[in-house]
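Enquirer: Structure below; questions to follow.
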Amino acid sequence: MDVESVPMVHQMVSLSREESLRLVGHQHACHAMIYASCPDKIFGKIPVRYAVLMQMRFDGRLGFPGGFMEIRDGGFLEAGFNRELASQLGIQPGLLRITEREHVLAHVMPVSGDRPIVAHFYMRELSLPQLRDVEMAALGARDFGAEVMRTVRVPLYTLRDGVGGLPAFLCNSFASMAREQLLWALAARRLLPPGRLREACETARVPVPALAL
């Protein structure tokens, strides 16, 4: 691959949760990556590593569960987010509840409407049985078949042809900043070796997260 064809490095400039809530006139959107360590192997050979959940949305794009929140004070951020997760995933608080502790990233997105948007990103690790319970509960969610078509797992491997698996997955259409958030999370939590993640980005011709360098 020549130098000009290598994707540019993508650096997400983050704010703390507190800094983001002090911004005036911004909309707030919350999304979460739910994941679990997974010992399974594809065809008995290829390690799955982790099960990472995303959604096929109503608009045909991939994204993380969540949406826009109405912010009155800091406590309403996660309260509204958990209500949104309940409607999209059909889960009860005893199975999955997002708190301030799971908040890992906030950044201001480019203005595309009347007000700029602050994108809040959360990460929650579950056990594999708990994650499977979330997948099953999602089939009975209020929004299933309407706002949410299905939960999907991200393939964190590359097949022998160099394209199948994560590189092909990254070529899908993603909602807003979902692909950037996914890559940032994979790099930040080392769910994939940096070299493998960089190779997948280069094959898919998408920006490489700075944390993967």
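Residues in the structure tokens are named by chain (A, B, ... in the order shown) and by number from 1 within that chain; ligands are numbered from 1 in the order shown.
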Skipping near chain neighbours, those fewer than 4 positions away, what residues fall within 6 Å of stretch 50-65 of chain A using only C-alpha atoms, listed as a PyMOL selection string?

Expert: chain A and resi 31-32+34-38+147-154+173-175+178

Enquirer: Just the strand (DSSP E) stuff from stretch 12-158 of chain A, please, per backbone DSSP, written as a PyMOL selection string.

Expert: chain A and resi 27-42+46-57+62-63+66-69+103-109+117-125+148-153

Enquirer: Would you pick out the contacts of A:Leu186 at 10 Å or less, using only C-alpha atoms, so that residues sharing its chain but fewer than 4 positions from it are not included, and give the list as a list in words?

Expert: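 Those residues are Val52, Leu156, Glu180, Gln181, Leu182, Arg190, Leu191, Leu192, Pro193, Pro194, Leu197, Pro209, Leu211 and Ala212 of chain A.
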
Enquirer: Kindly give the distance, in Å, that separates atom CA of A:Val118 and atom CA of A:Phe81, rounded to a single decimal.

Expert: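 Between atom CA of A:Val118 and atom CA of A:Phe81 the gap works out to 13.9 Å.
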
Enquirer: Return the single residue from A:Glu18, A:Ser127, A:Gln27, A:Met69 that is closest to A:Pro39, with distances computed using only C-alpha atoms.

Expert: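 Of A:Glu18, A:Ser127, A:Gln27, A:Met69, the one nearest A:Pro39 is A:Ser127, counting only C-alpha atoms.
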
Enquirer: What is the atom CA of A:Ile46-atom CA of A:Leu139 distance in Å, reported with one decimal?

Expert: 27.9 Å

Enquirer: Which polymer residues have any atom within 8 Å of an atom of A:Leu105, counting only C-alpha atoms, with same-chain residues fewer than 4 positions away left out, as a list in words?

Expert: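 Result of the neighbour search: Ser14, Leu15, Ser16, Arg17, His120, Phe121 and Tyr122 of chain A.
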
Enquirer: For N, CA, C and O atoms, I'd like the residues from the last selection saved as an mmCIF file, in the first residue's frame.

Expert:
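Below is the file result03.cif, written as the result:
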```cif
data_model
loop_
_atom_site.group_PDB
_atom_site.id
_atom_site.type_symbol
_atom_site.label_atom_id
_atom_site.label_comp_id
_atom_site.auth_asym_id
_atom_site.auth_seq_id
_atom_site.Cartn_x
_atom_site.Cartn_y
_atom_site.Cartn_z
ATOM 1 N N SER A 14 -11.549 14.854 23.226
ATOM 2 C CA SER A 14 -12.558 14.518 24.227
ATOM 3 C C SER A 14 -12.717 15.613 25.275
ATOM 4 O O SER A 14 -11.805 16.397 25.547
ATOM 5 N N LEU A 15 -13.913 15.634 25.848
ATOM 6 C CA LEU A 15 -14.241 16.477 26.988
ATOM 7 C C LEU A 15 -14.601 15.564 28.153
ATOM 8 O O LEU A 15 -15.028 14.427 27.950
ATOM 9 N N SER A 16 -14.459 16.064 29.351
ATOM 10 C CA SER A 16 -14.964 15.311 30.489
ATOM 11 C C SER A 16 -16.484 15.453 30.532
ATOM 12 O O SER A 16 -17.062 16.348 29.893
ATOM 13 N N ARG A 17 -17.122 14.576 31.254
ATOM 14 C CA ARG A 17 -18.575 14.644 31.395
ATOM 15 C C ARG A 17 -18.978 16.000 31.979
ATOM 16 O O ARG A 17 -19.950 16.621 31.525
ATOM 17 N N HIS A 120 -21.998 11.668 23.860
ATOM 18 C CA HIS A 120 -21.485 10.987 25.047
ATOM 19 C C HIS A 120 -21.378 9.505 24.745
ATOM 20 O O HIS A 120 -22.317 8.902 24.196
ATOM 21 N N PHE A 121 -20.260 8.907 25.127
ATOM 22 C CA PHE A 121 -20.042 7.492 24.850
ATOM 23 C C PHE A 121 -19.733 6.762 26.144
ATOM 24 O O PHE A 121 -18.928 7.223 26.958
ATOM 25 N N TYR A 122 -20.403 5.634 26.317
ATOM 26 C CA TYR A 122 -20.250 4.802 27.508
ATOM 27 C C TYR A 122 -19.794 3.412 27.083
ATOM 28 O O TYR A 122 -20.113 2.946 25.987
#
```

Enquirer: Name the residues of stretch 8-67 of chain A that come out as helix (DSSP H, G or I) in a backbone DSSP run; write them as a ChimeraX atom specification.

Expert: /A:17-21

Enquirer: Now that the selection is made, can you save its residues with N, CA, C and O atoms as a PDB file, in the first residue's frame?

Expert:
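The resulting out29.pdb:
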```pdb
ATOM      1  N   ARG A  17     -17.122  14.576  31.254  1.00  0.00           N
ATOM      2  CA  ARG A  17     -18.575  14.644  31.395  1.00  0.00           C
ATOM      3  C   ARG A  17     -18.978  16.000  31.979  1.00  0.00           C
ATOM      4  O   ARG A  17     -19.950  16.621  31.525  1.00  0.00           O
ATOM      5  N   GLU A  18     -18.249  16.451  32.983  1.00  0.00           N
ATOM      6  CA  GLU A  18     -18.568  17.719  33.647  1.00  0.00           C
ATOM      7  C   GLU A  18     -18.388  18.900  32.691  1.00  0.00           C
ATOM      8  O   GLU A  18     -19.214  19.816  32.661  1.00  0.00           O
ATOM      9  N   GLU A  19     -17.303  18.891  31.927  1.00  0.00           N
ATOM     10  CA  GLU A  19     -17.066  19.966  30.960  1.00  0.00           C
ATOM     11  C   GLU A  19     -18.179  20.022  29.924  1.00  0.00           C
ATOM     12  O   GLU A  19     -18.642  21.109  29.549  1.00  0.00           O
ATOM     13  N   SER A  20     -18.615  18.859  29.463  1.00  0.00           N
ATOM     14  CA  SER A  20     -19.632  18.830  28.421  1.00  0.00           C
ATOM     15  C   SER A  20     -20.972  19.366  28.918  1.00  0.00           C
ATOM     16  O   SER A  20     -21.709  20.005  28.165  1.00  0.00           O
ATOM     17  N   LEU A  21     -21.285  19.125  30.188  1.00  0.00           N
ATOM     18  CA  LEU A  21     -22.567  19.576  30.724  1.00  0.00           C
ATOM     19  C   LEU A  21     -22.589  21.071  31.009  1.00  0.00           C
ATOM     20  O   LEU A  21     -23.650  21.651  31.232  1.00  0.00           O
TER      21      LEU A  21
END
```
